Amino acid sequence: MRSIDINRMIDESKFNRFHGLVLFWCGFIIVFDGYDLVVYGSVVPVLMQAWGLTPIQAGSLGSYALFGMLLGALIFGPLADRIGRKNVILFCIALFSIFTGIIGWAKTPAEFGIYRFIAGLGLGGVMPNTVALMTEYSPKKLKSTLVSIMFSGYSVGGMLSAGLGILLISRFGWEAVFFVGALPLFALPFMVKTLPDSPSFLLAKNQTEKLGEILSKINPEFTPQKDDKYEMVIPKKTGMPVITLFENRRSLSTIMFWISFFMCLLMIYGLNTWLPKLMDKADYPLGSSLMFLFVLNFGAIFGAIFGGWAADRWGSKKVLIAFYLLAAVSLTLLGFKANMVVLFVLVAIAGAATIGTQIIANAYVSQYYPVHMRSTGIGWALGIGRLGAIVGPMMGGILLSLNLPLMQNFIAFAVPGLIAALAIWFVQEKYADMRSTAATEEQVSPQSKSIDAIAK
């Protein structure tokens, strides 16, 4: 009888077709996750005119999907532990795809809001489980890289929603862009066949034959045998994990992370909802206004890639402060009416310094905390940040209802960047490098590594 250490086999594996397949499907899902979230910003100028919505009503309507996401993450995260990540991911894809498509038949704002909320439940449930699945199957040396590539799908989805908005809305109406959001339904049969489930779930359900088959794809030199014994120790959860985030002089840094995430997601979702309308109000035609949304998400890809490289070279804290300040400056400058080339450059920088920065911040927070509380640290930071995502569209609606000058609207979105930079500046860097501590813990108690800690 052989003893097979699942974690070790995955960690030491080399990237191959199996990893590429998992990356493809997870990236594909995040593309449509991003598409469904950003698409509202593409249609909000048209909806306000068609339904006579006030900016405050339009802002509230934009937040319904985000309320659904918050609730969906709370429901489908724990459910995945019981029925498997794959089943939850497939269900959530079906949920957000069906109801995004149904939005195209909505006749009233109330219908629209209900469908957006239900779609948001699926969007909220699919993201954490997709991220966890990707990291569970990634080689140790490539975990951050593969997750960053996967997360870039969000910006690709945002670009897709803006690009299709330019092509479809003027010809077929706003409904067409929501029908496109139902396309992932056609991919479900292929996902059922090829998307693997979490190794921890397969082991818990004693599906050793499936697990052995997957491990043989991860490591082609491994040939499963009937009497193989698979090991993957998951510690029992005790007490309230969130309390550990405030122990050992981490309280200030934890609060500062929460503030920075709140502010960054406020900027991201506020801009993705209201940038086309702000530009429309500044007398740019709808096509040009949607192009700004395209460029915003295009810039985010480069921000994430360059920011990740810079963080490895000069440290995450310095890069985050610089990027948040850059976001504040670029957003402030957008308040001036300049030529189109300058505006596009500023919008791209704003996308890089907001959406791209959030990806860097995710990695920084996950590395800040010791291994045994890493999942709790990033989970709570993103949870608090999601409140900022809800506030962003609503704040934009209130600002537009006040009929403020363009400059003041953009300054209002720039201020959160300054606050986020200040918050990161207060993070106590000398407690951030926990790698030696984590290594010591693993040497003392090698059985303490949890699946969630490694995955996230």
# chains A, B, ... in the order shown; residues from 1 in each chain; ligands from 1
>>> residues_around(residues="Leu265 in chain A", least_positions_apart="4", cutoff="10 Å", atoms="only C-alpha atoms", output="PDB file with N, CA, C and O atoms, in the first residue's frame")
ATOM      1  N   SER A 260      -8.946  50.136   2.899  1.00  0.00           N
ATOM      2  CA  SER A 260      -8.406  50.243   1.534  1.00  0.00           C
ATOM      3  C   SER A 260      -9.233  49.423   0.547  1.00  0.00           C
ATOM      4  O   SER A 260      -9.488  49.861  -0.581  1.00  0.00           O
ATOM      5  N   PHE A 261      -9.665  48.226   0.951  1.00  0.00           N
ATOM      6  CA  PHE A 261     -10.498  47.399   0.069  1.00  0.00           C
ATOM      7  C   PHE A 261     -11.841  48.077  -0.175  1.00  0.00           C
ATOM      8  O   PHE A 261     -12.355  48.071  -1.303  1.00  0.00           O
ATOM      9  N   TYR A 269     -16.412  49.834  -8.855  1.00  0.00           N
ATOM     10  CA  TYR A 269     -17.796  49.624  -9.256  1.00  0.00           C
ATOM     11  C   TYR A 269     -18.524  50.941  -9.532  1.00  0.00           C
ATOM     12  O   TYR A 269     -19.447  50.982 -10.349  1.00  0.00           O
ATOM     13  N   GLY A 270     -18.083  51.999  -8.872  1.00  0.00           N
ATOM     14  CA  GLY A 270     -18.648  53.312  -9.179  1.00  0.00           C
ATOM     15  C   GLY A 270     -18.298  53.729 -10.599  1.00  0.00           C
ATOM     16  O   GLY A 270     -19.154  54.194 -11.366  1.00  0.00           O
ATOM     17  N   LEU A 271     -17.040  53.543 -10.988  1.00  0.00           N
ATOM     18  CA  LEU A 271     -16.604  53.925 -12.340  1.00  0.00           C
ATOM     19  C   LEU A 271     -17.204  53.010 -13.398  1.00  0.00           C
ATOM     20  O   LEU A 271     -17.642  53.471 -14.460  1.00  0.00           O
ATOM     21  N   THR A 354      -6.881  51.173 -10.341  1.00  0.00           N
ATOM     22  CA  THR A 354      -8.021  50.780  -9.496  1.00  0.00           C
ATOM     23  C   THR A 354      -8.270  49.278  -9.614  1.00  0.00           C
ATOM     24  O   THR A 354      -7.993  48.515  -8.690  1.00  0.00           O
ATOM     25  N   ILE A 355      -8.742  48.826 -10.777  1.00  0.00           N
ATOM     26  CA  ILE A 355      -9.030  47.402 -10.969  1.00  0.00           C
ATOM     27  C   ILE A 355      -7.750  46.579 -10.869  1.00  0.00           C
ATOM     28  O   ILE A 355      -7.703  45.543 -10.188  1.00  0.00           O
ATOM     29  N   GLN A 358      -6.436  46.260  -7.267  1.00  0.00           N
ATOM     30  CA  GLN A 358      -7.162  45.358  -6.379  1.00  0.00           C
ATOM     31  C   GLN A 358      -6.571  43.952  -6.425  1.00  0.00           C
ATOM     32  O   GLN A 358      -6.512  43.259  -5.409  1.00  0.00           O
ATOM     33  N   LEU A 382     -12.207  41.182   1.579  1.00  0.00           N
ATOM     34  CA  LEU A 382     -13.067  41.248   0.396  1.00  0.00           C
ATOM     35  C   LEU A 382     -14.534  41.440   0.775  1.00  0.00           C
ATOM     36  O   LEU A 382     -15.283  42.107   0.059  1.00  0.00           O
ATOM     37  N   ILE A 384     -15.723  43.111   3.461  1.00  0.00           N
ATOM     38  CA  ILE A 384     -15.894  44.534   3.771  1.00  0.00           C
ATOM     39  C   ILE A 384     -15.801  45.365   2.496  1.00  0.00           C
ATOM     40  O   ILE A 384     -16.542  46.328   2.291  1.00  0.00           O
ATOM     41  N   GLY A 385     -14.880  44.975   1.607  1.00  0.00           N
ATOM     42  CA  GLY A 385     -14.743  45.682   0.337  1.00  0.00           C
ATOM     43  C   GLY A 385     -16.003  45.616  -0.497  1.00  0.00           C
ATOM     44  O   GLY A 385     -16.333  46.568  -1.214  1.00  0.00           O
ATOM     45  N   ARG A 386     -16.731  44.502  -0.409  1.00  0.00           N
ATOM     46  CA  ARG A 386     -17.968  44.357  -1.179  1.00  0.00           C
ATOM     47  C   ARG A 386     -18.994  45.412  -0.773  1.00  0.00           C
ATOM     48  O   ARG A 386     -19.808  45.838  -1.594  1.00  0.00           O
ATOM     49  N   LEU A 387     -18.942  45.855   0.479  1.00  0.00           N
ATOM     50  CA  LEU A 387     -19.832  46.945   0.897  1.00  0.00           C
ATOM     51  C   LEU A 387     -19.502  48.219   0.130  1.00  0.00           C
ATOM     52  O   LEU A 387     -20.387  48.991  -0.252  1.00  0.00           O
ATOM     53  N   GLY A 388     -18.208  48.447  -0.108  1.00  0.00           N
ATOM     54  CA  GLY A 388     -17.795  49.588  -0.920  1.00  0.00           C
ATOM     55  C   GLY A 388     -18.297  49.459  -2.343  1.00  0.00           C
ATOM     56  O   GLY A 388     -18.673  50.452  -2.982  1.00  0.00           O
ATOM     57  N   ALA A 389     -18.307  48.220  -2.867  1.00  0.00           N
ATOM     58  CA  ALA A 389     -18.814  47.983  -4.216  1.00  0.00           C
ATOM     59  C   ALA A 389     -20.297  48.338  -4.318  1.00  0.00           C
ATOM     60  O   ALA A 389     -20.768  48.803  -5.355  1.00  0.00           O
ATOM     61  N   ILE A 390     -21.028  48.120  -3.237  1.00  0.00           N
ATOM     62  CA  ILE A 390     -22.453  48.475  -3.211  1.00  0.00           C
ATOM     63  C   ILE A 390     -22.632  49.990  -3.129  1.00  0.00           C
ATOM     64  O   ILE A 390     -23.495  50.578  -3.787  1.00  0.00           O
ATOM     65  N   VAL A 391     -21.788  50.627  -2.336  1.00  0.00           N
ATOM     66  CA  VAL A 391     -21.889  52.078  -2.142  1.00  0.00           C
ATOM     67  C   VAL A 391     -21.523  52.849  -3.411  1.00  0.00           C
ATOM     68  O   VAL A 391     -22.118  53.886  -3.718  1.00  0.00           O
ATOM     69  N   GLY A 392     -20.538  52.345  -4.185  1.00  0.00           N
ATOM     70  CA  GLY A 392     -20.033  53.052  -5.355  1.00  0.00           C
ATOM     71  C   GLY A 392     -21.098  53.476  -6.348  1.00  0.00           C
ATOM     72  O   GLY A 392     -21.218  54.673  -6.672  1.00  0.00           O
ATOM     73  N   PRO A 416     -11.493  58.599  -2.525  1.00  0.00           N
ATOM     74  CA  PRO A 416     -11.264  57.258  -1.980  1.00  0.00           C
ATOM     75  C   PRO A 416      -9.874  56.711  -2.284  1.00  0.00           C
ATOM     76  O   PRO A 416      -9.322  55.935  -1.494  1.00  0.00           O
TER      77      PRO A 416
END
>>> residues_around(residues="range 333-341 of chain A", least_positions_apart="6", cutoff="12 Å", atoms="only C-alpha atoms", output="number ranges by chain")
A: 271, 275, 278-279, 281-284, 288-289, 291-292, 295, 326-327, 347-350, 404-414
>>> residues_around(residues="Gly287 in chain A", least_positions_apart="2", cutoff="12 Å", atoms="only C-alpha atoms", output="number ranges by chain")
A: 42-43, 45-46, 162-171, 276-277, 279-280, 283-285, 289-294
>>> select_by_dssp(residues="range 117-283 of chain A", states="helix (DSSP H, G or I)", output="VMD selection string")
chain A and resid 117 to 137 140 to 172 175 to 180 183 to 194 199 to 204 208 to 218 241 to 246 251 to 281
>>> write_last_selection(atoms="C-alpha atoms", output="compact mmCIF listing (two decimals), in the first residue's frame")
# COMPACT_ATOMS: atom_id res chain seq x y z
CA PHE A 117 -30.33 40.47 -7.80
CA ILE A 118 -30.86 36.77 -8.62
CA ALA A 119 -28.06 36.88 -11.20
CA GLY A 120 -25.90 38.48 -8.50
CA LEU A 121 -26.44 35.44 -6.26
CA GLY A 122 -24.80 33.28 -8.91
CA LEU A 123 -22.01 35.78 -9.54
CA GLY A 124 -21.24 35.97 -5.81
CA GLY A 125 -21.13 32.21 -5.47
CA VAL A 126 -19.04 31.41 -8.52
CA MET A 127 -16.07 33.74 -7.92
CA PRO A 128 -14.66 32.43 -4.58
CA ASN A 129 -15.18 28.81 -5.60
CA THR A 130 -13.52 29.33 -8.98
CA VAL A 131 -10.54 31.06 -7.34
CA ALA A 132 -10.24 28.29 -4.75
CA LEU A 133 -10.42 25.55 -7.40
CA MET A 134 -7.74 27.23 -9.50
CA THR A 135 -5.37 27.60 -6.58
CA GLU A 136 -6.00 24.06 -5.31
CA TYR A 137 -4.80 22.61 -8.60
CA LYS A 140 3.10 25.90 -5.74
CA LYS A 141 5.46 28.12 -7.75
CA LEU A 142 2.68 29.24 -10.08
CA LYS A 143 -0.27 29.78 -7.72
CA SER A 144 -0.09 33.59 -7.72
CA THR A 145 0.69 33.79 -11.44
CA LEU A 146 -2.17 31.54 -12.52
CA VAL A 147 -4.68 33.25 -10.24
CA SER A 148 -3.57 36.66 -11.57
CA ILE A 149 -4.04 35.46 -15.15
CA MET A 150 -7.45 34.09 -14.22
CA PHE A 151 -8.45 37.35 -12.52
CA SER A 152 -7.52 39.26 -15.68
CA GLY A 153 -10.62 37.67 -17.13
CA TYR A 154 -12.67 40.20 -15.17
CA SER A 155 -11.18 43.05 -17.19
CA VAL A 156 -11.57 41.09 -20.42
CA GLY A 157 -15.25 40.71 -19.57
CA GLY A 158 -15.51 44.43 -18.89
CA MET A 159 -13.92 45.20 -22.25
CA LEU A 160 -16.29 42.73 -23.92
CA SER A 161 -19.36 44.36 -22.39
CA ALA A 162 -18.27 47.83 -23.51
CA GLY A 163 -17.26 46.66 -26.99
CA LEU A 164 -20.50 44.78 -27.56
CA GLY A 165 -22.41 47.76 -26.16
CA ILE A 166 -20.91 49.92 -28.90
CA LEU A 167 -21.83 47.36 -31.57
CA LEU A 168 -25.23 46.15 -30.37
CA ILE A 169 -27.10 48.84 -28.44
CA SER A 170 -27.55 51.28 -31.34
CA ARG A 171 -28.67 48.46 -33.68
CA PHE A 172 -30.64 46.04 -31.52
CA GLU A 175 -31.62 44.12 -24.39
CA ALA A 176 -29.12 42.51 -26.77
CA VAL A 177 -26.12 42.87 -24.46
CA PHE A 178 -27.95 40.94 -21.73
CA PHE A 179 -28.86 38.11 -24.12
CA VAL A 180 -25.12 37.70 -24.73
CA LEU A 183 -23.96 32.29 -23.61
CA PRO A 184 -22.12 30.38 -20.80
CA LEU A 185 -25.13 28.04 -20.69
CA PHE A 186 -23.87 26.45 -23.91
CA ALA A 187 -20.53 25.69 -22.26
CA LEU A 188 -22.06 23.84 -19.29
CA PRO A 189 -22.11 20.36 -20.91
CA PHE A 190 -18.38 20.65 -21.68
CA MET A 191 -17.67 21.82 -18.12
CA VAL A 192 -19.60 18.88 -16.69
CA LYS A 193 -17.27 16.55 -18.61
CA THR A 194 -13.91 18.26 -18.19
CA PRO A 199 -9.39 17.16 -4.44
CA SER A 200 -10.47 17.61 -0.81
CA PHE A 201 -14.11 16.96 -1.74
CA LEU A 202 -13.25 13.87 -3.79
CA LEU A 203 -11.24 12.51 -0.88
CA ALA A 204 -13.98 13.31 1.64
CA THR A 208 -10.47 7.63 -4.91
CA GLU A 209 -10.78 6.34 -8.47
CA LYS A 210 -11.57 9.84 -9.77
CA LEU A 211 -8.89 11.34 -7.56
CA GLY A 212 -6.28 8.91 -8.85
CA GLU A 213 -7.26 9.66 -12.45
CA ILE A 214 -6.87 13.42 -11.84
CA LEU A 215 -3.51 13.00 -10.11
CA SER A 216 -2.26 10.96 -13.06
CA LYS A 217 -3.08 13.95 -15.29
CA ILE A 218 -1.33 16.33 -12.92
CA PRO A 241 -11.27 32.82 13.12
CA VAL A 242 -11.86 36.55 12.58
CA ILE A 243 -10.59 37.30 16.10
CA THR A 244 -7.14 36.03 15.15
CA LEU A 245 -6.85 38.92 12.65
CA PHE A 246 -6.62 41.31 15.61
CA SER A 251 -5.41 45.12 14.71
CA LEU A 252 -4.38 48.38 13.05
CA SER A 253 -3.22 46.69 9.86
CA THR A 254 -6.40 44.61 9.61
CA ILE A 255 -8.59 47.72 9.89
CA MET A 256 -6.43 49.54 7.34
CA PHE A 257 -6.77 46.66 4.88
CA TRP A 258 -10.55 46.76 5.27
CA ILE A 259 -10.62 50.50 4.62
CA SER A 260 -8.41 50.24 1.53
CA PHE A 261 -10.50 47.40 0.07
CA PHE A 262 -13.73 49.34 0.73
CA MET A 263 -12.35 52.43 -1.02
CA CYS A 264 -10.83 50.56 -3.97
CA LEU A 265 -13.96 48.55 -4.74
CA LEU A 266 -16.04 51.71 -4.35
CA MET A 267 -13.95 53.31 -7.12
CA ILE A 268 -14.05 50.21 -9.33
CA TYR A 269 -17.80 49.62 -9.26
CA GLY A 270 -18.65 53.31 -9.18
CA LEU A 271 -16.60 53.93 -12.34
CA ASN A 272 -17.79 50.78 -14.13
CA THR A 273 -21.38 51.90 -13.50
CA TRP A 274 -21.15 55.63 -14.10
CA LEU A 275 -18.18 56.40 -16.37
CA PRO A 276 -20.25 56.20 -19.62
CA LYS A 277 -22.97 58.41 -18.12
CA LEU A 278 -20.44 60.94 -16.82
CA MET A 279 -18.90 61.17 -20.27
CA ASP A 280 -22.34 61.32 -21.87
CA LYS A 281 -23.16 64.24 -19.57
>>> closest_residue(among="A:Phe67, A:Tyr364, A:Tyr230, A:Phe306", to="Arg8 in chain A", atoms="only C-alpha atoms")
A:Tyr230
>>> atom_distance(atom1="CA of Phe302 in chain A", atom2="CA of Thr357 in chain A")
10.2 Å
>>> closest_residue(among="A:Val329, A:Glu221, A:Trp51, A:Val415", to="Lys14 in chain A", atoms="only C-alpha atoms")
A:Glu221
